[in-house]
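*Asks:* Supplied structure: start.cif, mmCIF, C-alpha atoms.
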```cif
data_model
loop_
_atom_site.label_atom_id
_atom_site.label_comp_id
_atom_site.auth_asym_id
_atom_site.auth_seq_id
_atom_site.Cartn_x
_atom_site.Cartn_y
_atom_site.Cartn_z
CA MET A 19 124.62 148.33 122.48
CA THR A 20 121.42 150.23 121.77
CA ILE A 21 118.12 148.76 120.61
CA ILE A 22 115.65 151.25 119.17
CA THR A 23 112.06 150.02 119.32
CA ASP A 24 108.53 151.13 120.14
CA PRO A 25 105.51 149.08 121.24
CA ARG A 26 103.34 151.16 118.91
CA CYS A 27 104.80 149.31 115.94
CA ALA A 28 102.76 146.27 117.07
CA GLU A 29 99.45 148.14 116.80
CA TYR A 30 98.65 147.17 113.21
CA PHE A 31 98.18 143.70 111.75
CA LEU A 32 96.27 141.66 109.20
CA PRO A 33 95.27 138.14 110.31
CA GLY A 34 97.40 135.54 108.55
CA HIS A 35 99.88 138.07 107.18
CA PRO A 36 103.50 136.92 107.79
CA GLU A 37 104.69 140.44 108.69
CA GLY A 38 102.92 140.43 112.04
CA PRO A 39 103.42 142.33 115.31
CA GLU A 40 104.78 139.25 117.12
CA ARG A 41 107.97 139.61 115.08
CA ILE A 42 108.83 142.60 117.25
CA SER A 43 107.02 141.83 120.49
CA ARG A 44 108.52 138.34 120.82
CA THR A 45 111.99 139.55 119.89
CA VAL A 46 111.88 142.42 122.38
CA ALA A 47 110.69 140.11 125.17
CA PHE A 48 113.42 137.57 124.35
CA LEU A 49 116.19 140.18 124.27
CA LYS A 50 115.05 141.71 127.55
CA ALA A 51 115.10 138.27 129.22
CA GLN A 52 118.58 137.24 128.02
CA ASP A 53 121.72 137.92 130.05
CA GLN A 54 124.42 137.54 127.36
CA LEU A 55 124.45 141.16 126.22
CA ALA A 56 124.08 144.46 128.02
CA LEU A 57 121.45 146.36 126.05
CA SER A 58 120.04 149.86 126.37
CA TRP A 59 116.63 150.69 124.97
CA GLU A 60 115.40 153.82 123.21
CA LEU A 61 112.23 155.02 121.52
CA PRO A 62 112.59 156.24 117.94
CA PRO A 63 111.93 159.82 116.92
CA ASP A 64 109.72 160.50 113.93
CA ALA A 65 111.86 160.91 110.84
CA ASP A 66 112.46 164.44 109.64
CA GLU A 67 110.44 165.20 106.50
CA ALA A 68 113.48 166.52 104.66
CA ALA A 69 115.35 163.25 105.32
CA ILE A 70 112.45 161.18 103.96
CA LEU A 71 112.19 163.37 100.86
CA ARG A 72 115.77 162.55 99.91
CA ALA A 73 114.54 159.01 99.25
CA HIS A 74 110.86 159.39 98.36
CA THR A 75 108.67 161.68 96.30
CA PRO A 76 106.12 164.03 97.89
CA GLN A 77 103.43 162.16 95.96
CA HIS A 78 104.43 158.93 97.67
CA LEU A 79 104.14 160.50 101.12
CA ARG A 80 100.66 161.72 100.25
CA ARG A 81 99.73 158.26 98.96
CA LEU A 82 100.62 156.73 102.34
CA GLU A 83 97.73 158.64 103.89
CA LEU A 84 95.08 157.15 101.59
CA PRO A 85 93.01 154.12 102.71
CA ASP A 86 93.56 152.06 99.55
CA ASP A 87 95.80 148.97 99.69
CA PHE A 88 99.04 149.22 97.74
CA ASP A 89 99.02 145.60 96.61
CA ALA A 90 97.87 142.22 97.94
CA ASP A 91 100.92 141.98 100.25
CA THR A 92 101.01 145.62 101.33
CA PRO A 93 97.76 146.76 102.97
CA ALA A 94 96.87 150.34 103.82
CA HIS A 95 96.79 149.73 107.56
CA PRO A 96 95.36 152.52 109.73
CA ARG A 97 98.09 155.11 110.45
CA ILE A 98 100.61 153.14 108.40
CA GLY A 99 102.27 156.40 107.33
CA GLN A 100 102.97 157.19 110.99
CA HIS A 101 104.34 153.72 111.64
CA ALA A 102 106.59 153.94 108.58
CA ARG A 103 107.88 157.37 109.61
CA ARG A 104 108.66 156.00 113.06
CA ALA A 105 110.62 153.11 111.48
CA ALA A 106 112.58 155.59 109.38
CA GLY A 107 113.20 157.60 112.54
CA GLY A 108 114.58 154.48 114.19
CA ALA A 109 117.07 154.07 111.35
CA LEU A 110 118.11 157.71 111.71
CA ARG A 111 118.60 157.25 115.46
CA ALA A 112 120.71 154.15 114.77
CA LEU A 113 122.79 156.27 112.37
CA ALA A 114 123.33 158.85 115.11
CA ALA A 115 124.51 156.07 117.44
CA ALA A 116 126.98 154.83 114.81
CA ARG A 117 128.28 158.36 114.35
CA ALA A 118 128.96 158.42 118.11
CA GLY A 119 130.87 155.13 117.94
CA GLU A 120 128.07 152.98 119.34
CA THR A 121 126.45 149.79 118.05
CA ALA A 122 122.73 150.05 117.37
CA LEU A 123 119.85 148.07 115.88
CA SER A 124 116.55 149.62 114.85
CA LEU A 125 114.08 146.90 115.83
CA LEU A 126 110.86 148.20 114.33
CA ARG A 127 108.26 147.49 111.70
CA PRO A 128 107.29 147.92 108.94
CA PRO A 129 110.42 146.84 107.07
CA GLY A 130 111.55 149.08 104.24
CA HIS A 131 113.98 147.79 101.63
CA HIS A 132 111.37 147.07 98.91
CA ALA A 133 109.90 150.59 99.02
CA THR A 134 110.94 152.53 95.91
CA PRO A 135 110.96 156.32 95.57
CA ASP A 136 107.29 156.34 94.64
CA ARG A 137 105.83 152.95 95.55
CA ALA A 138 105.07 150.88 98.64
CA MET A 139 105.41 147.13 98.05
CA GLY A 140 106.50 143.85 99.64
CA PHE A 141 105.37 144.77 103.19
CA CYS A 142 107.42 148.01 102.90
CA TYR A 143 106.19 151.64 102.90
CA LEU A 144 109.23 153.88 103.48
CA ASN A 145 112.77 152.74 102.80
CA SER A 146 114.31 153.33 106.23
CA VAL A 147 117.82 152.14 105.43
CA ALA A 148 118.00 154.29 102.27
CA VAL A 149 116.67 157.31 104.18
CA ALA A 150 119.45 156.85 106.75
CA ALA A 151 122.15 156.24 104.12
CA LEU A 152 121.23 159.45 102.31
CA GLU A 153 121.14 161.33 105.61
CA ALA A 154 124.64 160.02 106.37
CA ARG A 155 125.93 161.37 103.06
CA ALA A 156 124.27 164.72 103.66
CA GLY A 157 125.74 164.76 107.15
CA GLY A 158 129.37 164.45 106.08
CA PHE A 159 130.20 160.77 105.47
CA ARG A 160 132.03 160.57 102.15
CA ARG A 161 131.37 156.91 101.23
CA VAL A 162 128.30 155.11 102.59
CA ALA A 163 127.42 151.51 101.75
CA VAL A 164 124.23 149.57 102.40
CA PHE A 165 124.88 145.88 103.03
CA ASP A 166 121.65 143.89 102.63
CA PHE A 167 121.60 140.22 103.68
CA ASP A 168 117.83 139.79 103.60
CA VAL A 169 116.89 136.75 101.48
CA HIS A 170 114.87 139.03 99.16
CA HIS A 171 116.53 141.58 96.91
CA GLY A 172 116.39 145.14 98.21
CA ASN A 173 115.01 146.51 94.95
CA GLY A 174 113.76 149.72 96.52
CA THR A 175 117.13 150.53 98.07
CA GLU A 176 118.77 149.92 94.71
CA ASP A 177 116.29 152.15 92.89
CA ILE A 178 116.86 154.96 95.40
CA LEU A 179 120.66 154.78 95.56
CA ILE A 180 121.61 153.80 92.01
CA ASP A 181 124.36 156.00 90.56
CA LYS A 182 124.30 158.41 93.50
CA PRO A 183 127.85 159.65 94.25
CA GLY A 184 129.48 158.27 97.38
CA LEU A 185 126.82 155.57 97.87
CA ALA A 186 126.75 151.85 97.19
CA CYS A 187 124.44 148.94 97.90
CA VAL A 188 125.53 145.32 98.15
CA SER A 189 122.76 142.71 98.27
CA ILE A 190 122.87 138.93 98.76
CA HIS A 191 119.52 137.32 98.03
CA GLN A 192 117.69 134.34 96.63
CA HIS A 193 116.85 134.33 92.93
CA PRO A 194 114.32 133.46 91.67
CA ALA A 195 112.22 134.91 94.50
CA PHE A 196 110.20 138.04 95.21
CA PRO A 197 110.56 140.70 93.83
CA GLY A 198 112.29 139.08 90.84
CA THR A 199 115.09 141.64 90.59
CA GLY A 200 118.77 141.66 91.51
CA LEU A 201 120.13 139.14 89.02
CA GLN A 202 122.85 141.52 87.77
CA ASN A 203 124.76 144.56 88.99
CA ARG A 204 123.22 147.91 88.13
CA GLY A 205 124.79 151.28 87.55
CA GLY A 206 128.26 151.67 88.92
CA ASN A 207 127.37 151.20 92.57
CA CYS A 208 124.75 148.44 93.02
CA PHE A 209 126.31 145.01 93.42
CA ASN A 210 124.11 141.91 93.48
CA PHE A 211 124.97 138.41 94.61
CA PRO A 212 122.04 136.10 93.79
CA VAL A 213 121.87 132.55 95.11
CA GLN A 214 119.61 129.75 93.95
CA PRO A 215 116.83 128.41 96.20
CA ALA A 216 118.13 125.72 98.57
CA THR A 217 121.75 126.64 97.84
CA PRO A 218 123.90 124.47 100.15
CA ARG A 219 124.78 126.35 103.31
CA LYS A 220 128.53 126.28 102.68
CA GLU A 221 128.05 127.77 99.21
CA TYR A 222 125.61 130.39 100.53
CA ARG A 223 128.13 131.48 103.13
CA ALA A 224 130.86 131.66 100.49
CA THR A 225 128.63 134.03 98.51
CA LEU A 226 128.15 136.15 101.63
CA ALA A 227 131.94 136.31 101.96
CA ARG A 228 132.30 137.47 98.34
CA ALA A 229 129.71 140.16 98.97
CA LEU A 230 131.60 141.32 102.05
CA ASP A 231 134.76 141.51 99.94
CA ALA A 232 132.91 143.70 97.41
CA LEU A 233 131.76 145.90 100.26
CA GLY A 234 135.34 146.27 101.43
CA ARG A 235 136.53 147.22 97.95
CA PHE A 236 134.12 150.15 97.96
CA ARG A 237 136.07 151.49 100.98
CA PRO A 238 133.07 152.89 102.90
CA ASP A 239 133.47 155.06 105.95
CA LEU A 240 130.01 154.00 107.17
CA VAL A 241 127.99 150.81 106.66
CA ALA A 242 124.21 150.61 106.95
CA ILE A 243 123.06 147.01 107.33
CA ALA A 244 119.64 145.91 106.07
CA ALA A 245 119.41 142.96 108.45
CA GLY A 246 116.92 140.39 107.21
CA PHE A 247 116.81 136.99 108.87
CA ASP A 248 114.71 135.15 106.28
CA ALA A 249 117.64 133.27 104.75
CA TYR A 250 117.32 131.03 107.82
CA ARG A 251 116.65 127.41 106.84
CA GLU A 252 113.23 127.29 108.54
CA ASP A 253 111.87 130.61 107.31
CA PRO A 254 108.51 130.06 105.58
CA LEU A 255 108.92 132.69 102.84
CA ALA A 256 112.05 131.45 101.08
CA GLN A 257 114.34 128.46 100.67
CA GLY A 258 117.45 129.70 102.47
CA THR A 259 119.83 127.39 104.29
CA LEU A 260 121.55 129.53 106.92
CA GLU A 261 121.77 128.65 110.62
CA ALA A 262 121.92 130.89 113.70
CA GLU A 263 125.71 130.66 113.75
CA ASP A 264 125.84 132.16 110.25
CA PHE A 265 124.09 135.28 111.53
CA TYR A 266 126.60 135.39 114.39
CA TRP A 267 129.33 135.24 111.73
CA LEU A 268 127.69 138.08 109.81
CA GLY A 269 127.65 140.25 112.92
CA GLU A 270 131.25 139.33 113.63
CA SER A 271 132.21 140.19 110.04
CA VAL A 272 130.65 143.64 110.38
CA ARG A 273 132.48 144.19 113.67
CA ARG A 274 135.81 143.21 112.11
CA MET A 275 135.46 145.94 109.50
CA ALA A 276 136.17 148.38 112.36
CA LEU A 277 133.91 150.97 110.72
CA PRO A 278 130.94 152.92 112.01
CA ALA A 279 127.93 150.70 111.30
CA PHE A 280 124.29 150.40 112.25
CA SER A 281 121.58 147.85 111.53
CA VAL A 282 117.92 148.06 110.55
CA LEU A 283 115.57 145.07 110.79
CA GLU A 284 114.11 143.93 107.48
CA GLY A 285 112.63 140.44 107.06
CA GLY A 286 112.64 137.27 109.11
CA TYR A 287 109.39 135.37 109.56
CA SER A 288 110.27 132.18 111.41
CA ALA A 289 109.47 131.49 115.04
CA GLN A 290 113.23 131.59 115.68
CA LEU A 291 113.61 135.28 114.76
CA PRO A 292 114.42 136.31 118.37
CA GLN A 293 117.25 133.78 118.60
CA LEU A 294 118.61 134.81 115.19
CA VAL A 295 118.64 138.47 116.16
CA LEU A 296 120.48 137.63 119.37
CA ALA A 297 123.04 135.59 117.44
CA TYR A 298 123.67 138.53 115.10
CA LEU A 299 123.94 141.03 117.96
CA SER A 300 126.34 138.70 119.77
CA GLY A 301 128.57 138.67 116.69
CA LEU A 302 128.46 142.46 116.52
CA ASN A 303 129.37 142.60 120.20
CA GLY A 304 132.22 140.14 119.91
#
```
Will you turn the file into structure tokens for me?
*Replies:*
Amino acid sequence: MTIITDPRCAEYFLPGHPEGPERISRTVAFLKAQDQLALSWELPPDADEAAILRAHTPQHLRRLELPDDFDADTPAHPRIGQHARRAAGGALRALAAARAGETALSLLRPPGHHATPDRAMGFCYLNSVAVAALEARAGGFRRVAVFDFDVHHGNGTEDILIDKPGLACVSIHQHPAFPGTGLQNRGGNCFNFPVQPATPRKEYRATLARALDALGRFRPDLVAIAAGFDAYREDPLAQGTLEAEDFYWLGESVRRMALPAFSVLEGGYSAQLPQLVLAYLSGLNG
């Protein structure tokens, strides 16, 4: 199992902002100290410009270089364009691992699934999982699905992939919650499974199972997982109810598909993020 990460992704921060560098640094330290899984570690390449431009406009890439904040939640950190390109590169490296029959997680920041073709928002600057999904299609996979279990709707991924042939996105998320989208299916290939705040855990997991069934009906030959861990019951940014064992079950469910798959870290803001990531990886590993 390969973990793609880079200490440089911890170089930027805003005091008090929930999307902080300790999300990665603590998780990396925890995974390196555990003895349950055999992990290999790789640095990400920078994403190829052509791959990024399948998902984003040239104007958006130029905007990433300007020093003006995008919104109150999405600051223009120094060199944020470089950090976002590195995160997209991590997703592309995870895709290459999946193509080779390996299991991989891109463990980088910033997250990406709220970034639209022409807008950074919700802590996200480039949509790494969408970049990798489009690269997979261009590289020969016929049917590529994004499975997003972050507690917030992946509106950017949906906007990028909607109605694109051979692509689908399946999202399970809290509603109402940021960004306020994802209440209904869109186009012919974007399938949304909203859950109410504080939905009982058993019901939440049943919704996850229905979403996995929808994913299976699409018959993908590759699955890109937007792995957000903020549906955990103690996460401060939502009112999810999942436990660590539910993330193990999600990893196990992906493994049982017996398809090439790779994962990209999205949200997860509780102090337990390292343990949740390990539970998910353990399920993937079986």
*Asks:* Could you check how far CA of Ala262 (chain A) sits from CA of Arg228 (chain A), in Å to one decimal?
*Replies:*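 CA of Arg228 (chain A) lies 19.7 Å from CA of Ala262 (chain A).
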*Asks:* For a quick check of understanding, using all atoms listed in the file, which of A:Pro278, A:Gly38, A:Gly304, A:Pro93 has the smallest distance to Arg127 (chain A)?
*Replies:* A:Gly38
*Asks:* When you count all atoms listed in the file, which of these residues is closest to Gly174 (chain A): A:Arg111, A:His74, A:Arg117, A:Arg97?
*Replies:*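 Nearest candidate to Gly174 (chain A) out of A:Arg111, A:His74, A:Arg117, A:Arg97: A:His74.
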*Asks:* Have a look at A:Ile190, A:Val46, A:Ala106, A:Met139 and name the one nearest to Phe88 (chain A); count all atoms listed in the file.
*Replies:*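 Checking each of A:Ile190, A:Val46, A:Ala106, A:Met139 against Phe88 (chain A), counting all atoms listed in the file, the winner is A:Met139.
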*Asks:* I'd like the residues picked by the PyMOL selection byres ((chain A and resi 19) around 8) written out as an MDAnalysis selection string, using the chain letters and numbers from the file.
*Replies:* chainID A and resid 20:21 56:58 120:122 303
*Asks:* Counting all atoms listed in the file, which of A:Leu123, A:Ile22, A:Cys142, A:Ala150 gets nearest to Ala65 (chain A)?
*Replies:*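 Closest candidate: A:Ala150.
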*Asks:* Need the shell around region 295-297 of chain A: protein/DNA/RNA residues with any atom at most 12 Å away, counting all atoms listed in the file. Skip same-chain ones fewer than 3 positions apart. Format as number ranges by chain?
*Replies:* A: 19, 21, 41-42, 44-57, 123-125, 245-248, 250, 261-270, 281-292, 300-304
*Asks:* What gap, in Å, lies between CA of Ala244 (chain A) and CA of His131 (chain A)?
*Replies:* 7.4 Å
*Asks:* Report as a list of chain:residue names the full result of the PyMOL selection byres ((chain A and resi 198) around 12) when it is applied to this structure.
*Replies:*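 Selected by the PyMOL selection byres ((chain A and resi 198) around 12) in this file: A:His132, A:Gly140, A:Val169, A:His170, A:His171, A:Gly172, A:Asn173, A:His191, A:Gln192, A:His193, A:Pro194, A:Ala195, A:Phe196, A:Pro197, A:Thr199, A:Gly200, A:Leu201, A:Gln202, A:Pro212.
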*Asks:* A:Pro215, A:Pro76, A:Gly108, A:Pro96: which is nearest Pro129 (chain A), counting only C-alpha atoms?
*Replies:*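 So, comparing all the options, the nearest one is A:Gly108.
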*Asks:* What is the CA of Asn203 (chain A) to CA of Arg137 (chain A) distance in Å?
*Replies:*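 Interatomic distance here is 21.7 Å.
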*Asks:* Calculated over all atoms listed in the file, which of the candidates A:Met275, A:Asp91, A:Ile178, A:Ala118 has the smallest distance to Arg237 (chain A)?
*Replies:*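 Looking only at the distances to Arg237 (chain A), the closest residue turns out to be A:Met275.
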*Asks:* Selected by the PyMOL selection byres ((chain A and resi 107) around 6) in the shown coordinates: which residues, as a PDB file with C-alpha atoms, in the frame of the given file?
*Replies:*
```pdb
ATOM      1  CA  PRO A  62     112.590 156.240 117.940  1.00  0.00           C
ATOM      2  CA  PRO A  63     111.930 159.820 116.920  1.00  0.00           C
ATOM      3  CA  ASP A  64     109.720 160.500 113.930  1.00  0.00           C
ATOM      4  CA  ALA A  65     111.860 160.910 110.840  1.00  0.00           C
ATOM      5  CA  ARG A 104     108.660 156.000 113.060  1.00  0.00           C
ATOM      6  CA  ALA A 105     110.620 153.110 111.480  1.00  0.00           C
ATOM      7  CA  ALA A 106     112.580 155.590 109.380  1.00  0.00           C
ATOM      8  CA  GLY A 108     114.580 154.480 114.190  1.00  0.00           C
ATOM      9  CA  ALA A 109     117.070 154.070 111.350  1.00  0.00           C
ATOM     10  CA  LEU A 110     118.110 157.710 111.710  1.00  0.00           C
TER      11      LEU A 110
END
```
